[in-house]
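Here the structure is laid out as structure tokens; the discussion comes afterwards.
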Amino acid sequence: MMNRRTLLLAGLAMPALSRHGFAADPIRIGMTQPLTGAVAASGNYVANGAKIAVEVLNAAGGVLGRPIELVLEDNKSNPREAVAAAEKLVLRDKVPVLIGAWSSTFTLAIMPKLIEYKVPMIVETSSAARITTSGNPWVFRIAPTSEMEAVAFAELLGKFDPPIRKIDFLSVNNDFGRGAAEKFSAALGAKGIRIGRTETMTPEATDLAAQITALRQSDGDTVFLTTGVEQQTLALRQAVEQRLGKRIVTTGGSFPDQLLANPLPPGNTSYHILFYAPWFPERAPHPQIAERYTAEWNKKGWEFAGLTEGFRGYDAVLTVAVAIKLAGKPEAEAIRAALWKVKLAGVNGDISFAKEGPAGQESGQNKPNVSVVTLSEGKTGLL
Amino acid sequence: MNALFAWGFVAALAALPLVFPDPYLLAVLTSAGIFIIGAISLNLLLGYTGQLSLGHVAFFGLGAYASALATLGFDIGIGFGWRVVLAPQPVWLGFLAAIVVAGGFGWLLGRLAFRVRGAYFVIITICFAQVLRMVALNWVELTQGPMALISIPPFSLWWPGQGVVPLYRKDQNYWLVLAVAVLAFLLVRQVVRSRIGRALVALRANEPLARSVGIRVTHYLVIAAVLSAGIAGAAGSLFAHYVRIVDPDVFLFIYTVTMVIMVVTGGKGTLWGPVVGGLVFGLMPDLLRGTAPPEAQWIIYGAAMILFVMFLPRGIVPALARRLP
Amino acid sequence: MTDVLLSVEGLGVQIGGLTAIADMSFTVPAGEVVSLIGPNGAGKTTAFNVITGYMRPTRGRILFEGRPIAGLAPERIAARGLVRSFQRTSVFAGCTVFENALMALHLRGRAGLLDALLPFLRARREEAALHAEAADLLDLTGLADRAGLPAEALAYGEQRRLGIAMAAAAHPRLLLLDEPAAGLNPSETADCIALIRGLKERGMTVLLVEHDMAMVMRLSDRIVVLNQGRIIASGPPAAIRQDPEVIRAYLGAAHAAA
Amino acid sequence: MDQALQHLVNGTVLGGTYALLGIGLTLVFGVMRVVNFTHGELYAFGAYMTYAGVSLLGLNFYLSLALATLLGMALGASIEWLLLRPMRKADIDSVMLVMIGAALVLQNGEMWAWGGVAKLIPNPFPGTPLVVGPVSVMPLRLFVLVVSAALLLGFWLLLDRTRIGMAMRATFQDPETAALMGVRIGWVNTATFAIGSGLAAAAGALLGPVFMVSPTMGDLVGLKAFAIVILGGLGSLPGATIGGFALGFVEEFAGGFVSTEYRDAFGFLLIILILAVRPQGLVPAKERIG
């Protein structure tokens, strides 16, 4: 907690310092995340990942011989403020590139502004398909869509024993949750798995007894759980309480870290689809990068569990840095052109962009890696 | 003197984009302006009838959804195999739809809620906005639920020499919001200075006495609610076509609080109150950006609310009016 | 015999199981001043509230100009031409004296929403007429020089007078006055009596509830005496003064209280 | 049928905590005529204090619960003293706005102090459910239900048997008369708000370990508490208890049998219906005349 506050103060002091004459003017990168409000926890993780990436890059001499400065704006967990934050970053801070904005709705809210101001944005978390298919040539997504996640997961089906035969869904009632239910149904249905019922919950709901009791009536063997960390934890605990008795797989890349210290009773194993498993950095596609990221994070004394989400900000900043280097100048149009050419090694794996969406206005989409982590009695394992 | 000052103020605001063409300033003012229109509409209810509606954002959100849906079109089933289909309409029709739909719900809420007063009224209005939020969240076929309505076209207007053009530019949107704000202001002014306005103020001051001189309570409160809701709906429509995405969070409680505190800070029941208070609380979040950690910005915002209500309970405008004879 | 303007027939009111009015019947002839008197708790104010629509009767009928009004909303009853004044809060606080007068003239205007938004000839003419009428009203009450003051800044007696004038503003056919002289000093009471006489001369019928016996005797054409929710006597002032039951039940009690 | 039984048990467990939430809010409204928008934040405060006690200071679980409740009362008393006492003459709307401002400050203060990450509170109860026939329930939730019932009972005794309780009831009926009869209204208000806050904090302390602790946990709970007191009748103590159970059952059964999507909407729809048909709530508080 103390660390967090000092860091905020340091963040405040940084622009002041940079104004007082380093050799070269810093290159500014804009980022907007939900730092307050309903989804602030995860937004702060991502922001922290970005901060350490900037430190790592600057320690190595910056980009184009200039230091990087991260200008971070809170979008207060709502779309209107997301637009306000983006406009502030572009119009007042004159950043040539943005990173954001966590939730799909915040990202979708900002997207028309990207066209208006001609500034590219790296989308680090949002999973809605529409972000890259609506014909916005300023959008470059490193986060996987629900569909990519589902397809990648389908390849791992053979590792489950007993095998998955029929699935149900417990989804948060938003783009993320509904999208996951739809895409996993399609991807797993194609593999001959039967699809049962889908129960939904509002994002702020805490008592999920009604949903879980309803799921108990299904004869499925596996429940896919898609929601934020907090509801994941609640659902896993209440599933024990209501004797759900089914295998639970969480999607979306976040991990119910609180269950490490306060484990579920013995005999309950849950499965978690992650994009980075910080317990096993050596098993990441690029172990050195993953280990560096993990080490820097732990040096700050931040919560270990945040590593599963913080890499999104870390990778986004690395991507931007490579693009600026390729572009040779920190200008929006040049960075956009360069983003099509980037090829780099990130925490999650190789990052490069393929074209998606209507011809002539394609958005960029990266193909990320997934891994499935098991959690049993407070211990993690890799499937 | 007053009118001269007022028109001078409007002229200065209108000239602003020509003198300071800073797009960020215009963006902030446009965004604040939309909420000031909301505050002007709320003032009619809160300031002149004395009824605190903490669900005012319901009308704002209804306007936003109505306008967005009218311009995007929709195709929904209503049971028994019947479908309601609407082809995309021009934006000005969406704007009208926003006013009509919001006004209609204003009538409904007025009929229902004015049967109770005080704390009950406040809570019923909160619930009203909550129910609408739940509907927006779950009637996915119509509203796309939490996936939000996106790609909403920008406002379009007839522009001299160019025909009907979509307003992409900052200054155009700014002027549009300014024009609607001036219209809303004039509309409210006309109403409160008329026989209707007198009836509303009489009801606020002393309801039993007002009834005894023949003022029909429900009739006038419902008129106020319909007008107020209609203007809020117009603000919602501007919001939808400016931000160009509408999701159920448009019904957030904090938006109502923003409008209420704008009215109260400026001075409820004064014409200029929502404008002055709106500028204070509309610009504060953007002025605070970067000066303090995000949580502290909210704390300052909340503390400012408390201090204004405690130490300037009647608002800035009446306090100034007392200073200047 | 003059026409009957108001007739109360077999009225009964229960509040939370208590009988406020047991059985009350009386009439108010057009053009007269009728007073309703009785000791505290006799049911006078309840009767007023029921006649003017602020409370519902449990049984009985109230006819105004031959048409039933029991159960109608106060504003409907006011629109029929029956307006009351209030005992405690008689003015619109926070508004000027002139605004008070204008508000009281509500029923004299008819401008609606359209007129408010597009104030052309008709609406403007109506506003001008209402302003003139409000000025007249203040002249009548002798408050013309206070027009710009907030109503609550008036002296108590002036507030009471304004309250009466406001009740009378829309030219009701029947004016109900609830203790207009309560708390007034003798000279204010005299002003008040003059005002009520003036209203009567303008053709208004008055139903008065009042404790000040001297005032009641001077103003009334007829007096109705209530005790414990029942009428115990009614007639012209001279007869009431002599009635032994009234003396026993009411005058004695009033003297004791004073 | 088995499902219905399970819903019945879940509804009872949920209803008990809702009743606890509602009673603090309705008490404050009944006595002080204050709509307490900080109620949800005091709930969150109680949960965080329990977390601090158990996880950071390593205190005993039950001791932490009691401490959190007491600290909630202290926070409530200071809010009353700092914000409500100077506003005693102000209208109900201004007071509401001040309380909304205070809620914003409290919630973001919590986020600043604790960060946005939700926390679990360890508890000494077994993590496996008690199973009786077709029905299962967690021992922790049973404990919460029992403590809620005990708190409700204790609160009734306080109102019924103590001097301060009598003073509160007198103020509830008619503040002016109570003041004339020698009740020190200022003190009664402080005590009332402290007790109302203590009940909210206790609810948070009890439910924190059942669910999770996060800075925004008070939002939904605050809204629910409004729903409960409106259902029961604003300012009515028995009404808040009945309203709490009514909402618990409605949510549980409607969520289980009709639609989980609208689960949280049922409460609000019910309120609008109730207010349209019976504005004074199910069990109206005694009207003050005048």
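In the structure tokens, chains take letters A, B, ... by order of appearance, with residues numbered from 1 within each chain and ligands from 1 in the order shown.
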Would you list the contacts of Leu72 of chain C as an MDAnalysis selection string, taking every protein, DNA or RNA residue within 10 Å and counting only C-alpha atoms, but skipping same-chain residues closer than 3 positions in sequence? chainID C and resid 50:56 68:69 75:78
Would you mind listing what lies within 8 Å of Gly282 of chain B as a list in words, with only C-alpha atoms counted and same-chain residues fewer than 6 positions away left out?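 My list of contacting residues is Leu29, Ser31, Ala32, Gly33, Phe35, Ile36 and Met262 of chain B.
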Produce a file of the selected residues containing N, CA and C atoms, as a short mmCIF file (atom, residue, chain, number, x, y, z; two decimals), in the first residue's frame.
```cif
data_model
loop_
_atom_site.label_atom_id
_atom_site.label_comp_id
_atom_site.auth_asym_id
_atom_site.auth_seq_id
_atom_site.Cartn_x
_atom_site.Cartn_y
_atom_site.Cartn_z
N LEU B 29 -15.39 21.91 -22.80
CA LEU B 29 -16.58 22.76 -22.69
C LEU B 29 -17.80 22.10 -23.31
N SER B 31 -18.39 18.87 -23.54
CA SER B 31 -18.82 17.81 -22.64
C SER B 31 -19.50 18.39 -21.41
N ALA B 32 -18.93 19.46 -20.86
CA ALA B 32 -19.57 20.11 -19.72
C ALA B 32 -20.90 20.71 -20.14
N GLY B 33 -20.94 21.28 -21.34
CA GLY B 33 -22.16 21.93 -21.83
C GLY B 33 -23.33 20.97 -21.89
N PHE B 35 -23.88 18.45 -20.01
CA PHE B 35 -24.39 18.24 -18.66
C PHE B 35 -25.04 19.51 -18.10
N ILE B 36 -24.58 20.67 -18.57
CA ILE B 36 -25.22 21.91 -18.13
C ILE B 36 -26.66 21.95 -18.65
N MET B 262 -24.62 20.49 -9.69
CA MET B 262 -24.49 21.68 -10.54
C MET B 262 -25.59 22.69 -10.19
#
```
Within 12 Å of chain D, which residues of chain C show up when using only C-alpha atoms, listed as a PyMOL selection string? chain C and resi 15-16+88
Just to be explicit: take each residue in the selection above, keep N, CA and C atoms, and write the result as a PDB file, in the first residue's frame.
```pdb
ATOM      1  N   ILE C  15     -61.269  10.567  12.634  1.00  0.00           N
ATOM      2  CA  ILE C  15     -59.818  10.562  12.373  1.00  0.00           C
ATOM      3  C   ILE C  15     -59.193   9.512  13.269  1.00  0.00           C
ATOM      4  N   GLY C  16     -58.664   8.488  12.632  1.00  0.00           N
ATOM      5  CA  GLY C  16     -57.984   7.436  13.388  1.00  0.00           C
ATOM      6  C   GLY C  16     -58.839   6.905  14.530  1.00  0.00           C
ATOM      7  N   ARG C  88     -52.214  29.295  10.089  1.00  0.00           N
ATOM      8  CA  ARG C  88     -50.807  29.535  10.417  1.00  0.00           C
ATOM      9  C   ARG C  88     -50.022  30.118   9.250  1.00  0.00           C
TER      10      ARG C  88
END
```
Would you please extract all strand (DSSP E or B) residues from segment 160-336 of chain A, as assigned by DSSP on the backbone, and give them as number ranges by chain? A: 166-172, 194-201, 222-226, 247-250, 269-274
Write out as a ChimeraX atom specification the residues lying within 8 Å of segment 193-200 of chain C, counting only C-alpha atoms and excluding same-chain residues fewer than 3 positions away. /C:31-33,140-141,161,168,189-190,203-206,215,219
Kindly save the residues from that selection, with all heavy atoms included, as a short mmCIF file (atom, residue, chain, number, x, y, z; two decimals), in the first residue's frame.
```cif
data_model
loop_
_atom_site.label_atom_id
_atom_site.label_comp_id
_atom_site.auth_asym_id
_atom_site.auth_seq_id
_atom_site.Cartn_x
_atom_site.Cartn_y
_atom_site.Cartn_z
N GLY C 31 -74.50 35.83 0.21
CA GLY C 31 -74.42 37.24 0.58
C GLY C 31 -74.29 37.49 2.07
O GLY C 31 -74.20 38.64 2.49
N GLU C 32 -74.29 36.44 2.89
CA GLU C 32 -74.23 36.66 4.34
C GLU C 32 -72.85 36.34 4.89
O GLU C 32 -72.03 35.70 4.23
CB GLU C 32 -75.27 35.77 5.04
CG GLU C 32 -76.68 36.22 4.75
CD GLU C 32 -77.68 35.57 5.71
OE1 GLU C 32 -77.26 34.71 6.51
OE2 GLU C 32 -78.86 35.93 5.63
N VAL C 33 -72.60 36.77 6.10
CA VAL C 33 -71.42 36.35 6.84
C VAL C 33 -71.90 35.37 7.91
O VAL C 33 -72.70 35.75 8.77
CB VAL C 33 -70.67 37.52 7.48
CG1 VAL C 33 -69.54 37.00 8.36
CG2 VAL C 33 -70.14 38.47 6.43
N LEU C 140 -56.35 47.40 -1.92
CA LEU C 140 -57.47 47.05 -1.05
C LEU C 140 -56.99 46.71 0.36
O LEU C 140 -57.62 47.06 1.35
CB LEU C 140 -58.22 45.86 -1.65
CG LEU C 140 -59.41 45.32 -0.86
CD1 LEU C 140 -60.59 46.25 -1.00
CD2 LEU C 140 -59.79 43.92 -1.33
N THR C 141 -55.84 46.02 0.44
CA THR C 141 -55.35 45.62 1.76
C THR C 141 -54.43 46.66 2.37
O THR C 141 -53.92 46.46 3.47
CB THR C 141 -54.55 44.30 1.65
OG1 THR C 141 -53.62 44.45 0.57
CG2 THR C 141 -55.43 43.13 1.38
N ARG C 161 -53.59 39.90 6.85
CA ARG C 161 -54.43 40.65 5.92
C ARG C 161 -54.14 40.21 4.49
O ARG C 161 -55.06 40.02 3.68
CB ARG C 161 -54.14 42.14 6.10
CG ARG C 161 -55.41 42.94 6.20
CD ARG C 161 -55.21 44.21 6.97
NE ARG C 161 -54.32 45.14 6.33
CZ ARG C 161 -53.41 45.86 7.00
NH1 ARG C 161 -53.30 45.74 8.31
NH2 ARG C 161 -52.63 46.69 6.37
N ALA C 168 -59.33 35.97 -1.23
CA ALA C 168 -60.43 36.63 -1.92
C ALA C 168 -60.06 37.03 -3.34
O ALA C 168 -60.93 37.46 -4.11
CB ALA C 168 -60.83 37.89 -1.13
N THR C 189 -57.04 44.15 14.44
CA THR C 189 -58.33 43.49 14.33
C THR C 189 -59.33 44.40 13.63
O THR C 189 -60.11 43.95 12.77
CB THR C 189 -58.86 43.11 15.73
OG1 THR C 189 -57.85 42.33 16.37
CG2 THR C 189 -60.13 42.30 15.63
N ALA C 190 -59.28 45.68 13.95
CA ALA C 190 -60.19 46.62 13.32
C ALA C 190 -59.94 46.67 11.82
O ALA C 190 -60.88 46.64 11.01
CB ALA C 190 -60.00 48.02 13.94
N GLY C 203 -69.77 41.50 -2.66
CA GLY C 203 -70.68 40.42 -3.05
C GLY C 203 -70.20 39.04 -2.63
O GLY C 203 -70.74 38.03 -3.07
N MET C 204 -69.18 38.99 -1.77
CA MET C 204 -68.71 37.68 -1.34
C MET C 204 -69.47 37.18 -0.12
O MET C 204 -69.78 37.97 0.77
CB MET C 204 -67.23 37.75 -1.00
CG MET C 204 -66.35 37.37 -2.15
SD MET C 204 -64.64 37.66 -1.75
CE MET C 204 -64.18 38.65 -3.14
N THR C 205 -69.74 35.88 -0.12
CA THR C 205 -70.31 35.26 1.05
C THR C 205 -69.14 34.78 1.91
O THR C 205 -68.14 34.33 1.37
CB THR C 205 -71.17 34.06 0.63
OG1 THR C 205 -72.08 34.51 -0.37
CG2 THR C 205 -71.92 33.48 1.80
N VAL C 206 -69.27 34.89 3.22
CA VAL C 206 -68.13 34.54 4.07
C VAL C 206 -68.55 33.53 5.13
O VAL C 206 -69.59 33.68 5.76
CB VAL C 206 -67.57 35.81 4.77
CG1 VAL C 206 -66.44 35.43 5.73
CG2 VAL C 206 -67.08 36.82 3.75
N MET C 215 -65.60 40.40 17.56
CA MET C 215 -65.53 40.46 16.10
C MET C 215 -66.65 39.64 15.46
O MET C 215 -67.33 40.10 14.54
CB MET C 215 -64.17 39.91 15.66
CG MET C 215 -63.97 39.89 14.18
SD MET C 215 -62.26 39.47 13.84
CE MET C 215 -62.34 39.22 12.09
N LEU C 219 -69.57 41.17 12.98
CA LEU C 219 -69.57 40.87 11.55
C LEU C 219 -70.72 39.97 11.10
O LEU C 219 -71.22 40.09 9.99
CB LEU C 219 -68.25 40.16 11.18
CG LEU C 219 -67.07 41.02 10.83
CD1 LEU C 219 -65.82 40.16 10.65
CD2 LEU C 219 -67.33 41.81 9.54
#
```
Using only C-alpha atoms and a distance of at most 8 Å, pull out the residues of chain A that contact chain B, as a ChimeraX atom specification. /A:8,12,35-36,73-74,78-80,83-84,87-88,91-92,104-105,108-109,112,116,173-175
Pick out the residues sitting within 7 Å of Ala200 of chain D, and hand them over as a ChimeraX atom specification; count only C-alpha atoms, and ignore anything fewer than 5 positions along from it in its own chain. /D:21,24,39,42-43
Print the selection's residues with C-alpha atoms to a file, as a compact mmCIF listing (two decimals), in the first residue's frame.
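Produced file part39.txt, reproduced below:
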```txt
# COMPACT_ATOMS: atom_id res chain seq x y z
CA LEU D 21 -28.94 -3.69 6.48
CA GLY D 24 -29.99 0.68 10.39
CA HIS D 39 -24.94 3.43 4.63
CA LEU D 42 -20.21 2.09 6.35
CA TYR D 43 -20.97 -1.47 5.32
```
Do you have the atom CA of Gly222 of chain D-atom CA of Ile100 of chain D distance handy? 11.2 Å
